[in-house]
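Pasted below: my_file_7.txt, compact mmCIF, C-alpha atoms.
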```
# COMPACT_ATOMS: atom_id res chain seq x y z
CA MET B 1 120.71 97.91 119.20
CA ALA B 2 117.09 97.85 118.05
CA ARG B 3 115.65 101.26 117.33
CA GLU B 4 112.00 100.37 116.71
CA VAL B 5 109.28 102.07 118.72
CA PHE B 6 106.07 100.21 119.50
CA ALA B 7 102.75 101.32 120.96
CA VAL B 8 100.37 99.80 123.50
CA ASN B 9 96.75 100.82 122.99
CA HIS B 10 94.89 102.26 125.98
CA THR B 11 91.18 103.12 125.97
CA ILE B 12 89.04 105.27 128.24
CA THR B 13 85.27 105.16 128.00
CA GLY B 14 82.41 106.92 129.71
CA GLY B 15 79.21 108.85 129.28
CA ARG B 16 75.69 108.91 130.64
CA SER B 17 72.73 106.60 130.14
CA PHE B 18 69.08 106.62 131.12
CA ALA B 19 67.47 103.19 131.55
CA THR B 20 68.71 101.34 128.46
CA GLN B 21 69.29 104.48 126.38
CA ASP B 22 72.78 105.86 125.87
CA ILE B 23 72.47 109.64 126.11
CA ILE B 24 76.11 110.51 125.54
CA THR B 25 79.15 108.25 125.23
CA TYR B 26 82.82 108.51 124.44
CA LYS B 27 85.59 106.07 123.57
CA ILE B 28 89.05 107.56 123.41
CA GLN B 29 92.14 105.57 122.56
CA TYR B 30 95.66 106.77 123.23
CA PRO B 31 99.11 105.22 122.81
CA GLU B 32 101.78 104.25 125.28
CA PHE B 33 105.08 104.01 123.44
CA VAL B 34 107.68 101.43 124.38
CA SER B 35 111.11 100.63 122.97
CA HIS B 36 114.02 98.29 123.54
CA MET B 37 115.98 101.45 124.22
CA SER B 38 115.64 103.18 127.57
CA LEU B 39 114.23 106.53 126.53
CA ALA B 40 113.11 108.88 129.28
CA SER B 41 111.63 111.06 126.54
CA LEU B 42 109.02 108.38 125.87
CA ASN B 43 107.71 108.87 129.41
CA ARG B 44 107.04 112.54 128.61
CA ILE B 45 105.32 111.68 125.33
CA ASN B 46 103.23 109.00 127.02
CA ALA B 47 102.22 111.40 129.80
CA TYR B 48 101.22 113.96 127.18
CA TYR B 49 98.88 111.52 125.40
CA ARG B 50 97.42 110.17 128.63
CA GLU B 51 96.60 113.66 129.93
CA SER B 52 95.32 114.77 126.53
CA ALA B 53 92.88 111.85 126.45
CA LEU B 54 91.56 112.63 129.93
CA THR B 55 91.22 116.32 129.09
CA LEU B 56 89.36 115.50 125.88
CA ALA B 57 86.90 113.28 127.77
CA ARG B 58 86.18 116.00 130.31
CA SER B 59 85.80 118.63 127.61
CA PHE B 60 83.40 116.52 125.55
CA MET B 61 81.16 115.84 128.52
CA SER B 62 81.16 119.41 129.81
CA THR B 63 80.43 120.80 126.35
CA HIS B 64 77.72 118.38 125.22
CA GLU B 65 76.11 116.57 128.16
CA THR B 66 73.48 119.23 128.90
CA ASN B 67 72.44 119.48 125.25
CA ALA B 68 72.35 115.70 124.89
CA LEU B 69 69.98 115.39 127.86
CA ALA B 70 67.76 118.18 126.53
CA ASP B 71 67.59 116.54 123.10
CA TYR B 72 66.79 113.18 124.67
CA TYR B 73 63.83 114.53 126.65
CA GLU B 74 62.58 116.53 123.67
CA HIS B 75 62.71 113.46 121.40
CA ARG B 76 60.93 111.39 124.03
CA ARG B 77 58.25 114.09 124.40
CA GLN B 78 57.68 114.04 120.64
CA GLY B 79 57.80 110.24 120.46
CA ILE B 80 60.63 110.15 117.92
CA PRO B 81 63.85 108.11 118.04
CA PHE B 82 66.83 109.63 119.78
CA PHE B 83 70.36 108.79 118.70
CA GLY B 84 72.82 109.40 121.49
CA TYR B 85 75.65 111.88 121.27
CA GLU B 86 78.93 110.12 120.63
CA MET B 87 82.65 110.66 120.38
CA ASN B 88 85.03 107.98 119.15
CA ARG B 89 88.74 108.66 118.71
CA PRO B 90 90.98 105.79 117.61
CA PHE B 91 94.58 106.23 116.53
CA THR B 92 96.77 104.61 113.89
CA ILE B 93 100.55 104.21 114.11
CA THR B 94 102.02 104.66 110.64
CA TYR B 95 105.76 104.72 111.35
CA GLY B 96 107.96 103.50 114.19
CA GLN B 97 111.65 103.03 113.46
CA ASP B 98 115.03 104.75 113.81
CA CYS B 99 113.76 106.64 116.86
CA VAL B 100 110.93 108.21 114.83
CA VAL B 101 107.26 107.54 115.44
CA SER B 102 104.36 108.92 113.42
CA LEU B 103 100.63 108.51 114.03
CA TYR B 104 97.25 110.07 113.44
CA PHE B 105 93.97 110.33 115.34
CA ASP B 106 90.50 110.40 113.77
CA GLU B 107 88.06 112.07 116.14
CA TYR B 108 84.46 111.31 115.18
CA VAL B 109 81.77 113.36 116.91
CA PHE B 110 78.00 113.00 116.52
CA THR B 111 75.76 115.53 118.26
CA GLY B 112 72.56 115.09 116.28
CA GLY B 113 71.73 115.90 112.69
CA ALA B 114 72.18 113.88 109.54
CA HIS B 115 75.67 112.62 110.37
CA GLY B 116 78.69 113.12 112.54
CA ASN B 117 81.98 114.72 111.57
CA THR B 118 85.54 113.46 111.73
CA THR B 119 88.58 115.61 112.45
CA ARG B 120 92.05 114.19 111.83
CA THR B 121 95.14 115.25 113.75
CA SER B 122 98.65 113.81 113.59
CA ASP B 123 102.04 113.89 115.27
CA THR B 124 105.52 112.85 114.24
CA TRP B 125 108.08 112.54 117.02
CA ASN B 126 111.80 112.20 117.46
CA ALA B 127 111.49 109.69 120.29
CA LEU B 128 115.11 110.05 121.33
CA HIS B 129 114.73 113.74 122.19
CA GLY B 130 110.98 113.80 122.86
CA ARG B 131 110.22 116.54 120.35
CA ARG B 132 107.93 116.80 117.36
CA ILE B 133 109.39 116.67 113.86
CA ALA B 134 108.05 119.44 111.63
CA LEU B 135 107.40 119.01 107.92
CA PRO B 136 110.23 121.36 106.79
CA GLU B 137 112.77 119.06 108.52
CA LEU B 138 112.13 116.44 105.84
CA PHE B 139 113.42 118.70 103.08
CA PRO B 140 116.67 120.54 102.27
CA GLN B 141 117.01 123.91 103.97
CA ASP B 142 115.44 126.86 102.10
CA PHE B 143 113.62 124.49 99.70
CA ASP B 144 110.09 125.64 98.82
CA TYR B 145 108.54 122.30 99.71
CA ALA B 146 105.04 123.73 100.25
CA GLN B 147 104.70 125.07 96.71
CA MET B 148 105.91 121.75 95.28
CA LEU B 149 103.52 119.70 97.41
CA LYS B 150 100.53 121.90 96.62
CA ALA B 151 101.26 121.59 92.89
CA LEU B 152 101.47 117.79 93.18
CA ILE B 153 98.21 117.68 95.14
CA VAL B 154 96.38 119.75 92.52
CA GLU B 155 97.78 117.47 89.81
CA GLU B 156 96.57 114.40 91.70
CA ILE B 157 93.10 115.85 92.25
CA THR B 158 92.82 116.65 88.54
CA ALA B 159 93.53 113.00 87.75
CA ARG B 160 91.11 111.72 90.38
CA ASN B 161 88.32 114.01 89.20
CA ALA B 162 88.86 112.86 85.64
CA ALA B 163 88.40 109.25 86.73
CA GLU B 164 85.51 109.99 89.10
CA PRO B 165 83.89 113.41 88.60
CA GLY B 166 82.56 115.13 91.71
CA LEU B 167 85.10 113.78 94.19
CA TYR B 168 86.44 117.28 94.78
CA MET B 169 84.96 120.76 94.66
CA ASP B 170 85.21 122.63 91.37
CA GLU B 171 87.43 125.36 92.83
CA TYR B 172 89.93 122.85 94.27
CA PRO B 173 93.12 124.67 93.13
CA ALA B 174 92.20 127.74 95.19
CA LEU B 175 90.94 125.58 98.07
CA VAL B 176 94.20 123.60 98.20
CA GLU B 177 96.13 126.86 98.37
CA LYS B 178 93.92 128.13 101.18
CA ALA B 179 93.59 124.95 103.26
CA PHE B 180 97.11 123.49 102.94
CA CYS B 181 98.49 123.06 106.46
CA PRO B 182 102.08 121.90 107.10
CA ASN B 183 100.98 120.29 110.37
CA GLN B 184 98.61 117.91 108.58
CA PHE B 185 100.97 115.10 107.66
CA TYR B 186 102.24 111.75 108.82
CA LEU B 187 104.94 109.32 107.73
CA THR B 188 104.84 105.77 106.45
CA PRO B 189 107.89 103.60 105.69
CA GLY B 190 107.87 104.67 102.04
CA GLU B 191 105.78 107.80 101.73
CA LEU B 192 104.90 111.19 103.13
CA VAL B 193 101.12 111.45 103.55
CA LEU B 194 99.34 114.82 103.53
CA TYR B 195 95.68 115.25 104.36
CA PHE B 196 92.89 117.83 104.45
CA GLN B 197 89.89 118.04 106.75
CA GLN B 198 86.36 117.21 105.67
CA TYR B 199 84.83 119.98 103.54
CA ASP B 200 88.19 121.72 103.00
CA ILE B 201 88.51 120.70 99.36
CA ALA B 202 85.85 118.03 98.84
CA PRO B 203 82.25 117.21 99.77
CA TYR B 204 81.44 115.15 102.87
CA ALA B 205 81.03 111.92 100.90
CA THR B 206 84.69 112.02 99.84
CA GLY B 207 85.81 111.67 103.45
CA ILE B 208 89.22 112.92 104.54
CA PRO B 209 91.29 113.52 101.39
CA THR B 210 94.80 112.06 101.61
CA PHE B 211 97.75 112.32 99.25
CA ALA B 212 100.76 110.02 99.52
CA PHE B 213 104.10 110.84 97.85
CA PRO B 214 107.20 108.62 97.84
CA TYR B 215 110.12 110.25 99.62
CA LYS B 216 112.38 109.87 96.59
CA LEU B 217 109.85 111.56 94.30
CA ILE B 218 109.70 114.71 96.42
CA GLY B 219 113.29 114.76 97.64
CA ALA B 220 112.33 114.14 101.27
CA CYS B 221 114.25 112.24 103.93
CA VAL B 222 113.08 111.03 107.33
CA PRO B 223 115.46 112.30 110.02
CA GLY B 224 116.46 109.39 112.26
CA CYS B 225 118.47 109.17 115.48
```
Translate this file's structure into structure tokens.
Amino acid sequence: MAREVFAVNHTITGGRSFATQDIITYKIQYPEFVSHMSLASLNRINAYYRESALTLARSFMSTHETNALADYYEHRRQGIPFFGYEMNRPFTITYGQDCVVSLYFDEYVFTGGAHGNTTRTSDTWNALHGRRIALPELFPQDFDYAQMLKALIVEEITARNAAEPGLYMDEYPALVEKAFCPNQFYLTPGELVLYFQQYDIAPYATGIPTFAFPYKLIGACVPGC
């Protein structure tokens, strides 16, 4: 029996415009998982993402619509260009086999200023049981996986900075120790990928720092069905 899990992309959009000017807009994508297997747990996961997308849209509008309108009228009063507030959140499926699905969301928000900011979140699910898989489950019990991964990340940053100085902040060893979060990971067919948020360990221009390690190298194993 096939054990792959696939995703259908759904999108909700909305906002507020005045004449031809977009004041505030959002575009939120969310997945609907399907499988050849009949998994009631997928219905719960799908409902979670659908409701999360709707809640995010409401929250974005309630938090920013008033300020966006005020900025628009102030820019118009001063005769300077106004760039509408914006949220865009696509998702990427990185793994979908053996009843395991992994994905990440990049939520870009612009509310004025020089540039917007992107926040990445991710989930890895056991689709058979409808529960999230935590990072420690990939490693042997009582193994200090976090210390190993942080050491490998610092080693990788050292190599990257040597090839291209300035990619990461000078105090990156201490910043990696401080900002490492076991929830910030996703799976690919061959590698575990860890990431940090913008500004955690690198300047804005570096983007979202990611570090990919082959499962065999780090002694990890993806738990299947």
Given only C-alpha atoms as the basis, pick out the residue of B:Thr158, B:Ser52, B:Ser35, B:Thr25 nearest to Phe83 (chain B).
B:Thr25
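Nearest to Ala47 (chain B) of all the residues B:Gly130, B:Ser59, B:Asp123, B:Arg16 is B:Gly130, based on all atoms listed in the file.
Counting all atoms listed in the file, the residue from B:Phe6, B:Leu135, B:Ala202, B:Tyr195 that sits nearest to Asp170 (chain B) is B:Ala202.
Among the candidate residues B:Thr119, B:Thr94, B:Thr13, B:Asn183, the one lying nearest to Asp200 (chain B) is B:Thr119, with distances computed using all atoms listed in the file.
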Under the rule that all atoms listed in the file are counted, which of B:Ala19, B:Val154, B:Leu187, B:Ala162 is the nearest residue to Ile93 (chain B)?
B:Leu187
Who sits within 10 Å of Val176 (chain B), all atoms listed in the file, same chain under 5 positions skipped, as a compact mmCIF listing (two decimals) with C-alpha atoms, keeping the file's coordinate frame:
```txt
# COMPACT_ATOMS: atom_id res chain seq x y z
CA LYS B 150 100.53 121.90 96.62
CA ALA B 151 101.26 121.59 92.89
CA ILE B 153 98.21 117.68 95.14
CA VAL B 154 96.38 119.75 92.52
CA ILE B 157 93.10 115.85 92.25
CA GLU B 171 87.43 125.36 92.83
CA CYS B 181 98.49 123.06 106.46
CA PHE B 196 92.89 117.83 104.45
CA ASP B 200 88.19 121.72 103.00
CA ILE B 201 88.51 120.70 99.36
```
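Using only C-alpha atoms, the nearest neighbour of Thr11 (chain B) within the list B:Ala146, B:Ile23, B:Ala53, B:Leu128 is B:Ala53.
Relative to CA of Asn43 (chain B), CA of His10 (chain B) is found at 14.8 Å.
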Students should find that CA of Asp144 (chain B) and CA of Ile218 (chain B) are spaced 11.2 Å
One-decimal distance in Å that lies between CA of Met61 (chain B) and CA of Asp106 (chain B):
18.3 Å
Using only C-alpha atoms, which protein or nucleic acid residues come within 8 Å of Tyr49 (chain B)? Drop anything in the same chain fewer than 4 positions from it, and give the result as a CSV table (one decimal) with C-alpha atoms, keeping the file's coordinate frame.
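File written: selection_16.csv
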```csv
chain,number,residue,atom,x,y,z
B,30,TYR,CA,95.7,106.8,123.2
B,31,PRO,CA,99.1,105.2,122.8
B,32,GLU,CA,101.8,104.2,125.3
B,45,ILE,CA,105.3,111.7,125.3
B,53,ALA,CA,92.9,111.8,126.4
```
